[in-house]
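In what follows, a single structure is set out as structure tokens and then discussed.
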Amino acid sequence: MSDLRPVVALAGGVGGAKLIHGLAMAGIERLSAIVNTGDDFEHLGLHIAPDVDTVLYTLAGIANRQQGWGLEGESWSFMDQLEKVGAPVWFRLGDRDLATHVLRTERLRAGERLTGITRVLSRRLGAPADILPMSDEPVRTMVNTISGEVAFQDYFVRLRCDIEVKGFRFAGIERARPTPEVAAALRQGDLRAIVICPSNPLVSIAPILSLPGMRELVVGSRAPIVAVSPIIGGRAVKGPAAKMMLELGQTPSVIAIAETYAGLVDGLVIDHLDAGAAAEIEGLGIAAHVTGTLMGNDDDRRRLGMECLEFADQLKGAGREP
Ligand code: FO1
């Protein structure tokens, strides 16, 4: 008999989107994805929500798999024309992708919530999960670098992460709250698991967990909490996580990931390459599950999704006090 219990995933961009896709392909019908909005910004008058869109396009099966962001088979006439008229082109918006940003911006200006707009887009594009922006209030990740503070997309895209970081600030976080939909997802009594996806812990998962009241919601759930390490063999699968950790004085490793999530997660999924660290992770009070964590294709995504849930099922009862 199939397991009908709901699952909640916390995610940023590419790695998170792949695992959520895997959970959906593993047959989880009541799947909610709580997605980081700290990467959001206003560009050319449009509200861009990169992580929400990466999850949306990945689940809808229309993501550009090689690039990691945007749509497959995209055309770039808008960018070509922008360049001709001398507008900034460092952040590339594809012609079809543009439709998402225009619709979102128009509806936000009309007073709708990001949550509602995301649900409309999910339904229209056929995403098999409830994609929930972490908050409807603006939170903006700011990167403190050796040359001063810059907005996240300036750091990530315009500067190509090619500047040393000293820390992060989530502007607006004190006034932002998890949405009622996020709270309801985490309060489901029959929740099977909370999965922290292999997203950057510093700039994708930290903004989610830093929202006032969010940690209490996560820890207050009686469901087992399982994280998947975004670090394999000391390197990030994608993106600047390892570089950031080094610059902040941490050794990028599964141990550092375990230390980051200690006191929060019941289990950590690590790659075969890091099997030697399992005992040390268990010493931190976190169960370790060793498997292949690279998600090169759909089979990998589905298998990892399934293994996260089976691992979580074993941890049931080992978790927190109600
Ligand atoms: N990432 C890039 O490296 N270059 C881009 O020009 C770019 C454009 C872009 C447009 C829409 C969108 O939703 C995402 C886009 N991204 C781009 C990805 C994004 O900046 C980052 O991957 C995330 O913010 C990090 O998770």
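Residue numbering restarts at 1 for every chain of the structure tokens, chains are lettered A, B, ... in their displayed order, and ligands are numbered from 1 as they appear.
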Show me which residues are within 6 Å of ligand 1 counting only C-alpha atoms and all ligand atoms, and format the list as a VMD selection string. chain A and resid 12 to 13 39 49 to 51 53 69 to 70 91 to 93 153 157
Emit the selected residues as a compact mmCIF listing (two decimals), in the first residue's frame, including N, CA and C atoms.
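File selection-v1.txt, as written:
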```txt
# COMPACT_ATOMS: atom_id res chain seq x y z
N GLY A 12 16.78 25.62 -1.43
CA GLY A 12 17.19 26.80 -2.20
C GLY A 12 17.01 26.47 -3.67
N GLY A 13 18.08 26.66 -4.45
CA GLY A 13 17.96 26.51 -5.90
C GLY A 13 18.17 25.10 -6.43
N ASP A 39 17.17 35.25 -2.13
CA ASP A 39 17.84 35.57 -3.42
C ASP A 39 16.99 36.49 -4.28
N ALA A 49 12.37 35.89 -8.55
CA ALA A 49 12.45 34.97 -7.42
C ALA A 49 13.20 33.71 -7.89
N PRO A 50 14.54 33.78 -7.96
CA PRO A 50 15.31 32.72 -8.62
C PRO A 50 15.10 31.31 -8.05
N ASP A 51 15.11 31.19 -6.71
CA ASP A 51 14.99 29.83 -6.16
C ASP A 51 13.59 29.27 -6.35
N ASP A 53 11.63 29.95 -8.77
CA ASP A 53 11.48 29.59 -10.18
C ASP A 53 12.27 28.34 -10.54
N TRP A 69 19.47 27.04 -14.01
CA TRP A 69 18.40 28.04 -13.80
C TRP A 69 17.76 28.32 -15.17
N GLY A 70 16.60 28.91 -15.13
CA GLY A 70 15.92 29.27 -16.38
C GLY A 70 15.26 28.06 -17.06
N PHE A 91 22.43 40.28 -15.79
CA PHE A 91 21.50 39.26 -15.29
C PHE A 91 20.59 38.89 -16.45
N ARG A 92 20.68 37.64 -16.90
CA ARG A 92 20.07 37.25 -18.17
C ARG A 92 18.64 36.71 -17.97
N LEU A 93 17.71 37.40 -18.59
CA LEU A 93 16.31 36.97 -18.52
C LEU A 93 15.88 36.48 -19.90
N GLN A 153 22.47 38.93 -5.64
CA GLN A 153 22.65 38.66 -7.07
C GLN A 153 23.83 39.43 -7.65
N VAL A 157 25.99 36.74 -9.44
CA VAL A 157 25.99 36.77 -10.91
C VAL A 157 26.96 37.84 -11.44
```
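On the backbone of this structure, DSSP gives strand (DSSP E or B) within region 52-141 of chain A to Ala63, Leu71, Asp130, Ile131, Leu132, Pro133, Ser135, Arg140 and Thr141 of chain A.
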For the selection just defined, write its residues with all heavy atoms to a file, as a compact mmCIF listing (two decimals), in the first residue's frame.
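Below you can see result_23.txt, which holds the result:
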```
# COMPACT_ATOMS: atom_id res chain seq x y z
N ALA A 63 12.88 22.86 -16.81
CA ALA A 63 14.10 23.58 -16.43
C ALA A 63 15.23 23.30 -17.41
O ALA A 63 15.29 22.22 -18.00
CB ALA A 63 14.54 23.16 -15.02
N LEU A 71 14.79 28.32 -18.27
CA LEU A 71 14.00 27.31 -19.00
C LEU A 71 14.80 26.64 -20.11
O LEU A 71 15.67 27.27 -20.71
CB LEU A 71 12.78 28.01 -19.62
CG LEU A 71 11.73 28.45 -18.62
CD1 LEU A 71 10.99 29.68 -19.11
CD2 LEU A 71 10.75 27.31 -18.36
N ASP A 130 3.40 21.46 -3.70
CA ASP A 130 2.96 22.79 -3.27
C ASP A 130 4.22 23.62 -3.00
O ASP A 130 4.92 23.38 -2.01
CB ASP A 130 2.11 22.64 -2.00
CG ASP A 130 1.27 23.88 -1.74
OD1 ASP A 130 1.18 24.74 -2.65
OD2 ASP A 130 0.69 23.96 -0.64
N ILE A 131 4.51 24.53 -3.92
CA ILE A 131 5.73 25.34 -3.77
C ILE A 131 5.39 26.56 -2.93
O ILE A 131 4.58 27.40 -3.33
CB ILE A 131 6.29 25.75 -5.15
CG1 ILE A 131 6.57 24.50 -6.00
CG2 ILE A 131 7.55 26.59 -4.99
CD1 ILE A 131 6.90 24.80 -7.46
N LEU A 132 6.02 26.64 -1.73
CA LEU A 132 5.68 27.70 -0.77
C LEU A 132 6.88 28.62 -0.55
O LEU A 132 7.89 28.21 0.05
CB LEU A 132 5.29 27.07 0.57
CG LEU A 132 4.08 26.12 0.55
CD1 LEU A 132 3.92 25.46 1.93
CD2 LEU A 132 2.82 26.88 0.18
N PRO A 133 6.81 29.86 -1.05
CA PRO A 133 7.86 30.82 -0.68
C PRO A 133 7.93 30.88 0.85
O PRO A 133 6.89 30.82 1.52
CB PRO A 133 7.35 32.14 -1.26
CG PRO A 133 6.33 31.77 -2.28
CD PRO A 133 5.73 30.48 -1.84
N SER A 135 8.35 33.19 2.89
CA SER A 135 7.65 34.33 3.48
C SER A 135 7.04 35.17 2.36
O SER A 135 7.54 35.16 1.23
CB SER A 135 8.64 35.18 4.29
OG SER A 135 7.99 36.28 4.87
N ARG A 140 16.03 40.04 1.96
CA ARG A 140 17.08 40.17 0.93
C ARG A 140 18.43 39.80 1.52
O ARG A 140 18.90 40.47 2.45
CB ARG A 140 17.14 41.61 0.39
CG ARG A 140 15.85 42.09 -0.29
CD ARG A 140 15.61 41.38 -1.62
NE ARG A 140 14.35 41.77 -2.21
CZ ARG A 140 13.20 41.08 -2.11
NH1 ARG A 140 13.17 39.95 -1.42
NH2 ARG A 140 12.11 41.50 -2.71
N THR A 141 19.04 38.76 0.97
CA THR A 141 20.36 38.35 1.44
C THR A 141 21.40 39.36 0.98
O THR A 141 21.50 39.66 -0.22
CB THR A 141 20.70 36.94 0.92
OG1 THR A 141 19.77 36.02 1.49
CG2 THR A 141 22.12 36.53 1.31
```
Return as a compact mmCIF listing (two decimals) with all heavy atoms, in the first residue's frame the full set of residues in region 220-317 of chain A whose backbone-based DSSP assignment is helix (DSSP H, G or I).
```
# COMPACT_ATOMS: atom_id res chain seq x y z
N GLY A 220 9.27 21.99 16.45
CA GLY A 220 8.00 21.65 17.10
C GLY A 220 7.27 20.52 16.39
O GLY A 220 6.37 19.90 16.96
N ALA A 241 29.27 27.21 -2.05
CA ALA A 241 29.17 26.86 -0.62
C ALA A 241 30.55 26.58 -0.01
O ALA A 241 30.89 27.11 1.06
CB ALA A 241 28.25 25.66 -0.42
N ALA A 242 31.38 25.76 -0.70
CA ALA A 242 32.68 25.39 -0.12
C ALA A 242 33.58 26.62 -0.02
O ALA A 242 34.27 26.83 0.99
CB ALA A 242 33.34 24.30 -0.97
N LYS A 243 33.56 27.44 -1.07
CA LYS A 243 34.38 28.66 -1.08
C LYS A 243 33.97 29.59 0.07
O LYS A 243 34.81 30.11 0.80
CB LYS A 243 34.20 29.35 -2.44
CG LYS A 243 34.94 30.65 -2.60
CD LYS A 243 34.71 31.22 -3.99
CE LYS A 243 35.40 32.55 -4.19
NZ LYS A 243 34.78 33.67 -3.49
N MET A 244 32.66 29.74 0.26
CA MET A 244 32.17 30.60 1.34
C MET A 244 32.62 30.06 2.70
O MET A 244 33.06 30.83 3.57
CB MET A 244 30.65 30.65 1.32
CG MET A 244 30.06 31.46 0.19
SD MET A 244 28.26 31.22 0.16
CE MET A 244 27.77 32.49 -0.99
N MET A 245 32.50 28.74 2.88
CA MET A 245 32.87 28.15 4.17
C MET A 245 34.34 28.41 4.47
O MET A 245 34.70 28.81 5.57
CB MET A 245 32.54 26.65 4.17
CG MET A 245 31.05 26.36 4.20
SD MET A 245 30.64 24.64 3.86
CE MET A 245 30.75 23.97 5.50
N LEU A 246 35.18 28.21 3.45
CA LEU A 246 36.62 28.45 3.62
C LEU A 246 36.88 29.90 4.02
O LEU A 246 37.65 30.17 4.96
CB LEU A 246 37.35 28.16 2.31
CG LEU A 246 37.83 26.73 2.09
CD1 LEU A 246 38.37 26.57 0.67
CD2 LEU A 246 38.89 26.33 3.13
N GLU A 247 36.22 30.81 3.33
CA GLU A 247 36.45 32.24 3.59
C GLU A 247 35.96 32.65 4.98
O GLU A 247 36.43 33.63 5.56
CB GLU A 247 35.79 33.08 2.49
CG GLU A 247 36.53 32.93 1.16
CD GLU A 247 35.79 33.49 -0.05
OE1 GLU A 247 34.64 33.98 0.10
OE2 GLU A 247 36.34 33.42 -1.15
N VAL A 254 31.62 17.33 5.43
CA VAL A 254 30.33 16.87 5.96
C VAL A 254 30.25 17.09 7.47
O VAL A 254 29.15 17.25 8.02
CB VAL A 254 30.04 15.39 5.60
CG1 VAL A 254 29.74 15.24 4.13
CG2 VAL A 254 31.16 14.48 6.03
N ILE A 255 31.42 17.13 8.11
CA ILE A 255 31.43 17.40 9.57
C ILE A 255 30.94 18.83 9.82
O ILE A 255 30.13 19.08 10.72
CB ILE A 255 32.86 17.22 10.16
CG1 ILE A 255 33.38 15.79 9.91
CG2 ILE A 255 32.88 17.57 11.64
CD1 ILE A 255 32.60 14.69 10.57
N ALA A 256 31.43 19.77 9.00
CA ALA A 256 30.98 21.17 9.17
C ALA A 256 29.47 21.26 8.92
O ALA A 256 28.77 22.02 9.61
CB ALA A 256 31.74 22.08 8.21
N ILE A 257 28.96 20.49 7.96
CA ILE A 257 27.52 20.49 7.70
C ILE A 257 26.79 19.92 8.92
O ILE A 257 25.78 20.48 9.39
CB ILE A 257 27.18 19.67 6.42
CG1 ILE A 257 27.87 20.28 5.19
CG2 ILE A 257 25.66 19.57 6.22
CD1 ILE A 257 27.43 21.68 4.82
N ALA A 258 27.32 18.83 9.47
CA ALA A 258 26.70 18.21 10.66
C ALA A 258 26.71 19.20 11.82
O ALA A 258 25.71 19.34 12.55
CB ALA A 258 27.43 16.93 11.02
N GLU A 259 27.81 19.92 11.98
CA GLU A 259 27.90 20.90 13.09
C GLU A 259 26.89 22.03 12.88
O GLU A 259 26.26 22.49 13.83
CB GLU A 259 29.34 21.44 13.19
CG GLU A 259 30.27 20.44 13.85
CD GLU A 259 31.75 20.79 13.70
OE1 GLU A 259 32.09 21.74 12.95
OE2 GLU A 259 32.57 20.08 14.32
N THR A 260 26.73 22.45 11.62
CA THR A 260 25.77 23.52 11.32
C THR A 260 24.35 23.10 11.71
O THR A 260 23.58 23.89 12.24
CB THR A 260 25.81 23.84 9.81
OG1 THR A 260 27.12 24.26 9.48
CG2 THR A 260 24.82 24.94 9.44
N TYR A 261 24.02 21.84 11.43
CA TYR A 261 22.65 21.37 11.66
C TYR A 261 22.47 20.63 13.00
O TYR A 261 21.37 20.14 13.28
CB TYR A 261 22.19 20.47 10.51
CG TYR A 261 22.01 21.21 9.19
CD1 TYR A 261 22.41 20.65 7.98
CD2 TYR A 261 21.41 22.47 9.15
CE1 TYR A 261 22.23 21.32 6.77
CE2 TYR A 261 21.22 23.15 7.95
CZ TYR A 261 21.64 22.58 6.77
OH TYR A 261 21.45 23.24 5.58
N HIS A 272 29.05 8.38 -0.40
CA HIS A 272 30.02 7.30 -0.19
C HIS A 272 31.43 7.83 0.05
O HIS A 272 32.17 7.29 0.87
CB HIS A 272 30.06 6.40 -1.43
CG HIS A 272 28.80 5.59 -1.60
ND1 HIS A 272 28.39 4.65 -0.69
CD2 HIS A 272 27.87 5.60 -2.59
CE1 HIS A 272 27.25 4.10 -1.11
NE2 HIS A 272 26.91 4.67 -2.25
N LEU A 273 31.76 8.92 -0.67
CA LEU A 273 33.11 9.51 -0.55
C LEU A 273 33.42 9.93 0.88
O LEU A 273 34.58 10.00 1.27
CB LEU A 273 33.21 10.76 -1.43
CG LEU A 273 33.87 10.70 -2.79
CD1 LEU A 273 33.92 12.09 -3.39
CD2 LEU A 273 35.30 10.13 -2.67
N ASP A 274 32.38 10.23 1.66
CA ASP A 274 32.55 10.72 3.03
C ASP A 274 32.20 9.67 4.08
O ASP A 274 32.02 10.01 5.25
CB ASP A 274 31.67 11.97 3.24
CG ASP A 274 32.10 13.11 2.34
OD1 ASP A 274 33.27 13.50 2.40
OD2 ASP A 274 31.25 13.61 1.57
N ALA A 275 32.14 8.39 3.65
CA ALA A 275 31.72 7.33 4.57
C ALA A 275 32.56 7.34 5.85
O ALA A 275 32.06 7.06 6.94
CB ALA A 275 31.80 5.97 3.88
N GLY A 276 33.84 7.70 5.72
CA GLY A 276 34.75 7.70 6.87
C GLY A 276 34.35 8.68 7.96
O GLY A 276 34.83 8.57 9.09
N ALA A 277 33.46 9.63 7.64
CA ALA A 277 33.07 10.65 8.63
C ALA A 277 31.81 10.25 9.41
O ALA A 277 31.39 10.95 10.33
CB ALA A 277 32.84 11.99 7.93
N ALA A 278 31.23 9.09 9.04
CA ALA A 278 29.93 8.71 9.63
C ALA A 278 30.00 8.62 11.16
O ALA A 278 29.11 9.13 11.86
CB ALA A 278 29.45 7.39 9.03
N ALA A 279 31.07 7.99 11.68
CA ALA A 279 31.16 7.78 13.13
C ALA A 279 31.23 9.15 13.85
O ALA A 279 30.59 9.34 14.89
CB ALA A 279 32.38 6.93 13.47
N GLU A 280 32.02 10.07 13.28
CA GLU A 280 32.15 11.39 13.92
C GLU A 280 30.81 12.14 13.90
O GLU A 280 30.46 12.83 14.86
CB GLU A 280 33.23 12.20 13.18
CG GLU A 280 33.73 13.38 13.99
CD GLU A 280 34.89 14.12 13.34
OE1 GLU A 280 35.59 13.53 12.48
OE2 GLU A 280 35.09 15.29 13.71
N ILE A 281 30.05 11.97 12.81
CA ILE A 281 28.73 12.61 12.73
C ILE A 281 27.81 12.02 13.80
O ILE A 281 27.10 12.74 14.51
CB ILE A 281 28.14 12.43 11.31
CG1 ILE A 281 28.96 13.24 10.30
CG2 ILE A 281 26.67 12.83 11.26
CD1 ILE A 281 28.66 12.95 8.85
N GLU A 282 27.88 10.69 13.95
CA GLU A 282 27.04 10.05 14.97
C GLU A 282 27.44 10.52 16.36
O GLU A 282 26.60 10.65 17.25
CB GLU A 282 27.09 8.53 14.81
CG GLU A 282 26.70 8.16 13.37
CD GLU A 282 25.81 6.96 13.21
OE1 GLU A 282 25.96 6.03 14.00
OE2 GLU A 282 24.96 6.98 12.27
N GLY A 283 28.72 10.83 16.52
CA GLY A 283 29.22 11.37 17.80
C GLY A 283 28.59 12.72 18.13
O GLY A 283 28.56 13.14 19.29
N ASP A 298 17.32 11.40 -13.51
CA ASP A 298 16.04 11.24 -12.79
C ASP A 298 16.05 10.04 -11.85
O ASP A 298 15.47 10.10 -10.76
CB ASP A 298 14.88 11.10 -13.79
CG ASP A 298 14.47 12.45 -14.36
OD1 ASP A 298 15.07 13.47 -13.97
OD2 ASP A 298 13.54 12.47 -15.19
N ASP A 299 16.71 8.95 -12.27
CA ASP A 299 16.77 7.77 -11.40
C ASP A 299 17.48 8.10 -10.09
O ASP A 299 17.05 7.68 -9.01
CB ASP A 299 17.49 6.62 -12.11
CG ASP A 299 16.59 5.96 -13.15
OD1 ASP A 299 15.36 6.19 -13.09
OD2 ASP A 299 17.12 5.25 -14.02
N ASP A 300 18.57 8.85 -10.20
CA ASP A 300 19.31 9.26 -8.98
C ASP A 300 18.42 10.11 -8.08
O ASP A 300 18.41 9.95 -6.86
CB ASP A 300 20.53 10.13 -9.33
CG ASP A 300 21.60 9.36 -10.10
OD1 ASP A 300 21.63 8.13 -9.99
OD2 ASP A 300 22.39 10.02 -10.81
N ARG A 301 17.68 11.03 -8.71
CA ARG A 301 16.81 11.92 -7.93
C ARG A 301 15.77 11.10 -7.16
O ARG A 301 15.57 11.30 -5.96
CB ARG A 301 16.08 12.91 -8.85
CG ARG A 301 16.99 13.91 -9.53
CD ARG A 301 16.21 14.85 -10.44
NE ARG A 301 17.11 15.74 -11.18
CZ ARG A 301 16.74 16.74 -11.96
NH1 ARG A 301 15.46 17.01 -12.11
NH2 ARG A 301 17.62 17.49 -12.59
N ARG A 302 15.12 10.18 -7.89
CA ARG A 302 14.06 9.38 -7.28
C ARG A 302 14.61 8.49 -6.17
O ARG A 302 14.06 8.42 -5.08
CB ARG A 302 13.38 8.52 -8.36
CG ARG A 302 12.14 7.77 -7.86
CD ARG A 302 11.59 6.80 -8.89
NE ARG A 302 11.25 7.43 -10.15
CZ ARG A 302 11.91 7.26 -11.29
NH1 ARG A 302 12.99 6.48 -11.32
NH2 ARG A 302 11.53 7.86 -12.40
N ARG A 303 15.75 7.84 -6.46
CA ARG A 303 16.33 6.92 -5.47
C ARG A 303 16.75 7.68 -4.21
O ARG A 303 16.47 7.26 -3.09
CB ARG A 303 17.55 6.20 -6.08
CG ARG A 303 18.23 5.23 -5.12
CD ARG A 303 19.61 4.81 -5.58
NE ARG A 303 20.44 5.89 -6.08
CZ ARG A 303 21.04 6.82 -5.30
NH1 ARG A 303 20.91 6.76 -3.99
NH2 ARG A 303 21.76 7.78 -5.84
N LEU A 304 17.38 8.86 -4.39
CA LEU A 304 17.81 9.63 -3.21
C LEU A 304 16.58 10.12 -2.41
O LEU A 304 16.57 10.07 -1.18
CB LEU A 304 18.69 10.82 -3.62
CG LEU A 304 19.31 11.62 -2.48
CD1 LEU A 304 20.20 10.74 -1.58
CD2 LEU A 304 20.15 12.80 -3.01
N GLY A 305 15.54 10.52 -3.12
CA GLY A 305 14.31 10.95 -2.45
C GLY A 305 13.74 9.81 -1.60
O GLY A 305 13.42 9.99 -0.42
N MET A 306 13.68 8.64 -2.22
CA MET A 306 13.16 7.46 -1.53
C MET A 306 14.04 7.12 -0.31
O MET A 306 13.52 6.86 0.78
CB MET A 306 13.17 6.29 -2.53
CG MET A 306 12.40 5.08 -2.09
SD MET A 306 10.65 5.41 -2.10
CE MET A 306 10.25 4.87 -3.75
N GLU A 307 15.34 7.15 -0.50
CA GLU A 307 16.25 6.78 0.60
C GLU A 307 16.15 7.77 1.77
O GLU A 307 16.24 7.36 2.93
CB GLU A 307 17.71 6.73 0.10
CG GLU A 307 18.03 5.43 -0.61
CD GLU A 307 19.52 5.25 -0.84
OE1 GLU A 307 20.32 5.52 0.08
OE2 GLU A 307 19.88 4.84 -1.96
N CYS A 308 15.95 9.05 1.46
CA CYS A 308 15.79 10.05 2.54
C CYS A 308 14.59 9.69 3.41
O CYS A 308 14.63 9.79 4.64
CB CYS A 308 15.57 11.45 1.96
SG CYS A 308 17.05 12.20 1.32
N LEU A 309 13.51 9.28 2.75
CA LEU A 309 12.28 8.98 3.49
C LEU A 309 12.41 7.67 4.28
O LEU A 309 11.97 7.59 5.43
CB LEU A 309 11.09 8.92 2.53
CG LEU A 309 10.82 10.25 1.82
CD1 LEU A 309 9.64 10.12 0.89
CD2 LEU A 309 10.59 11.38 2.82
N GLU A 310 13.04 6.67 3.67
CA GLU A 310 13.24 5.41 4.39
C GLU A 310 14.16 5.62 5.60
O GLU A 310 13.94 5.05 6.67
CB GLU A 310 13.80 4.35 3.43
CG GLU A 310 12.72 3.87 2.47
CD GLU A 310 13.27 3.07 1.30
OE1 GLU A 310 14.51 2.88 1.21
OE2 GLU A 310 12.46 2.64 0.46
N PHE A 311 15.16 6.45 5.41
CA PHE A 311 16.08 6.81 6.51
C PHE A 311 15.28 7.53 7.61
O PHE A 311 15.38 7.19 8.79
CB PHE A 311 17.18 7.70 5.94
CG PHE A 311 18.20 8.20 6.93
CD1 PHE A 311 18.72 7.39 7.93
CD2 PHE A 311 18.69 9.51 6.82
CE1 PHE A 311 19.69 7.88 8.82
CE2 PHE A 311 19.65 10.00 7.69
CZ PHE A 311 20.14 9.19 8.70
N ALA A 312 14.45 8.48 7.21
CA ALA A 312 13.63 9.23 8.19
C ALA A 312 12.70 8.26 8.94
O ALA A 312 12.53 8.40 10.16
CB ALA A 312 12.83 10.31 7.48
N ASP A 313 12.13 7.29 8.23
CA ASP A 313 11.22 6.34 8.88
C ASP A 313 11.93 5.58 10.00
O ASP A 313 11.34 5.30 11.04
CB ASP A 313 10.67 5.33 7.86
CG ASP A 313 9.66 5.98 6.90
OD1 ASP A 313 9.19 7.10 7.18
OD2 ASP A 313 9.34 5.35 5.87
N GLN A 314 13.22 5.29 9.79
CA GLN A 314 13.98 4.57 10.82
C GLN A 314 14.22 5.45 12.04
O GLN A 314 14.46 4.94 13.13
CB GLN A 314 15.36 4.17 10.30
CG GLN A 314 15.35 3.10 9.24
CD GLN A 314 16.73 3.04 8.56
OE1 GLN A 314 17.74 3.45 9.13
NE2 GLN A 314 16.75 2.55 7.33
N LEU A 315 14.21 6.75 11.83
CA LEU A 315 14.55 7.68 12.92
C LEU A 315 13.33 8.05 13.75
O LEU A 315 13.43 8.75 14.73
CB LEU A 315 15.16 8.96 12.35
CG LEU A 315 16.45 8.78 11.54
CD1 LEU A 315 16.85 10.08 10.87
CD2 LEU A 315 17.57 8.27 12.43
```
With a distance cut-off of 12 Å and only C-alpha atoms, select the neighbouring residues of Leu82 (chain A), excluding the residue or stretch itself and same-chain residues fewer than 5 positions from it, and output the selection as a ChimeraX atom specification. /A:44,76-77,87-95
Those residues with C-alpha atoms, as a PDB file, in the first residue's frame please?
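Ended up saving to again-v4.pdb:
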```pdb
ATOM      1  CA  LEU A  44      14.463  46.199 -14.556  1.00  0.00           C
ATOM      2  CA  TRP A  76      17.204  35.542 -25.869  1.00  0.00           C
ATOM      3  CA  SER A  77      15.727  38.237 -28.152  1.00  0.00           C
ATOM      4  CA  ALA A  87      20.392  48.518 -20.674  1.00  0.00           C
ATOM      5  CA  PRO A  88      22.184  46.281 -18.124  1.00  0.00           C
ATOM      6  CA  VAL A  89      22.552  42.678 -19.324  1.00  0.00           C
ATOM      7  CA  TRP A  90      24.615  41.103 -16.547  1.00  0.00           C
ATOM      8  CA  PHE A  91      21.498  39.265 -15.290  1.00  0.00           C
ATOM      9  CA  ARG A  92      20.066  37.250 -18.166  1.00  0.00           C
ATOM     10  CA  LEU A  93      16.308  36.971 -18.524  1.00  0.00           C
ATOM     11  CA  GLY A  94      15.158  34.595 -21.247  1.00  0.00           C
ATOM     12  CA  ASP A  95      12.169  35.446 -23.423  1.00  0.00           C
TER      13      ASP A  95
END
```
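Between CA of Phe41 (chain A) and CA of Arg109 (chain A) lies a distance of 14.5 Å.
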Pick from A:Ile196, A:Ala223, A:Val290, A:Val139: nearest to Pro6 (chain A), with only C-alpha atoms counted? A:Ala223
Choose the residue, out of A:Pro180, A:Gly126, A:Gly234, A:Gly68, that has the smallest atom-to-atom separation from Gly213 (chain A); count only C-alpha atoms. A:Pro180
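Near Ser221 (chain A), within 12 Å and counting only C-alpha atoms, sit Val7, Val8, Ala183, Ala184, Ala185, Leu186, Arg187, Gln188, Gly189, Asp190, Leu191, Arg192, Ala193, Ile194, Met214, Arg215, Glu216, Leu217, Val218, Pro224, Ile225, Leu264, Val265, Lys316, Gly319, Arg320, Glu321 and Pro322 of chain A, not including residues fewer than 3 positions from it in the same chain.
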Once you count only C-alpha atoms, what closest atom pair and distance in Å to one decimal does each residue of region 165-232 of chain A within 10 Å of region 31-38 of chain A have, with rows by chain and rising residue number, as CSV?
```
residue,atom,partner,partner_atom,distance
A:Arg169,CA,A:Gly38,CA,9.8
A:Phe170,CA,A:Gly38,CA,7.0
A:Ala171,CA,A:Gly38,CA,8.5
A:Gly172,CA,A:Gly38,CA,9.6
A:Ile173,CA,A:Gly38,CA,9.2
A:Pro178,CA,A:Ile34,CA,9.5
A:Thr179,CA,A:Ile34,CA,9.9
A:Glu181,CA,A:Ile34,CA,9.5
A:Val182,CA,A:Ile34,CA,6.8
A:Ala185,CA,A:Ser32,CA,6.9
A:Leu186,CA,A:Ser32,CA,9.1
A:Leu191,CA,A:Leu31,CA,10.0
A:Ile194,CA,A:Ser32,CA,9.7
A:Val195,CA,A:Ala33,CA,9.4
A:Ile196,CA,A:Ile34,CA,9.7
A:Cys197,CA,A:Ala33,CA,9.8
A:Ser199,CA,A:Asn36,CA,9.9
A:Val203,CA,A:Gly38,CA,7.6
A:Ser204,CA,A:Asn36,CA,5.7
A:Ile205,CA,A:Asn36,CA,6.9
A:Ala206,CA,A:Asn36,CA,8.8
A:Pro207,CA,A:Gly38,CA,6.3
A:Ile208,CA,A:Asn36,CA,5.8
A:Leu209,CA,A:Asn36,CA,9.5
```
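The shortest atom-to-atom distance to Gly263 (chain A), with only C-alpha atoms taken into account, belongs to A:Ile286 out of A:Ser75, A:Arg30, A:Thr293, A:Ile286.
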Grab the CA of Thr118 (chain A) to CA of Leu56 (chain A) distance for me, in Å with one decimal place. 8.4 Å
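Comparing A:Asp266, A:Glu149, A:Asp40, A:Asp136 by their smallest distance to Phe168 (chain A), the closest is A:Glu149 (using only C-alpha atoms).
Of the residues listed (A:Ile232, A:Val52, A:Ala60, A:Ala129), A:Ala129 shows the shortest atom-to-atom separation from Leu23 (chain A); distances use only C-alpha atoms.
For the pair CA of Leu19 (chain A) and CA of Gln250 (chain A), the interatomic distance is 25.6 Å.
Among the candidate residues A:Val85, A:Ile20, A:Ile62, A:Ala176, the one lying nearest to Glu137 (chain A) is A:Ala176, with distances computed using only C-alpha atoms.
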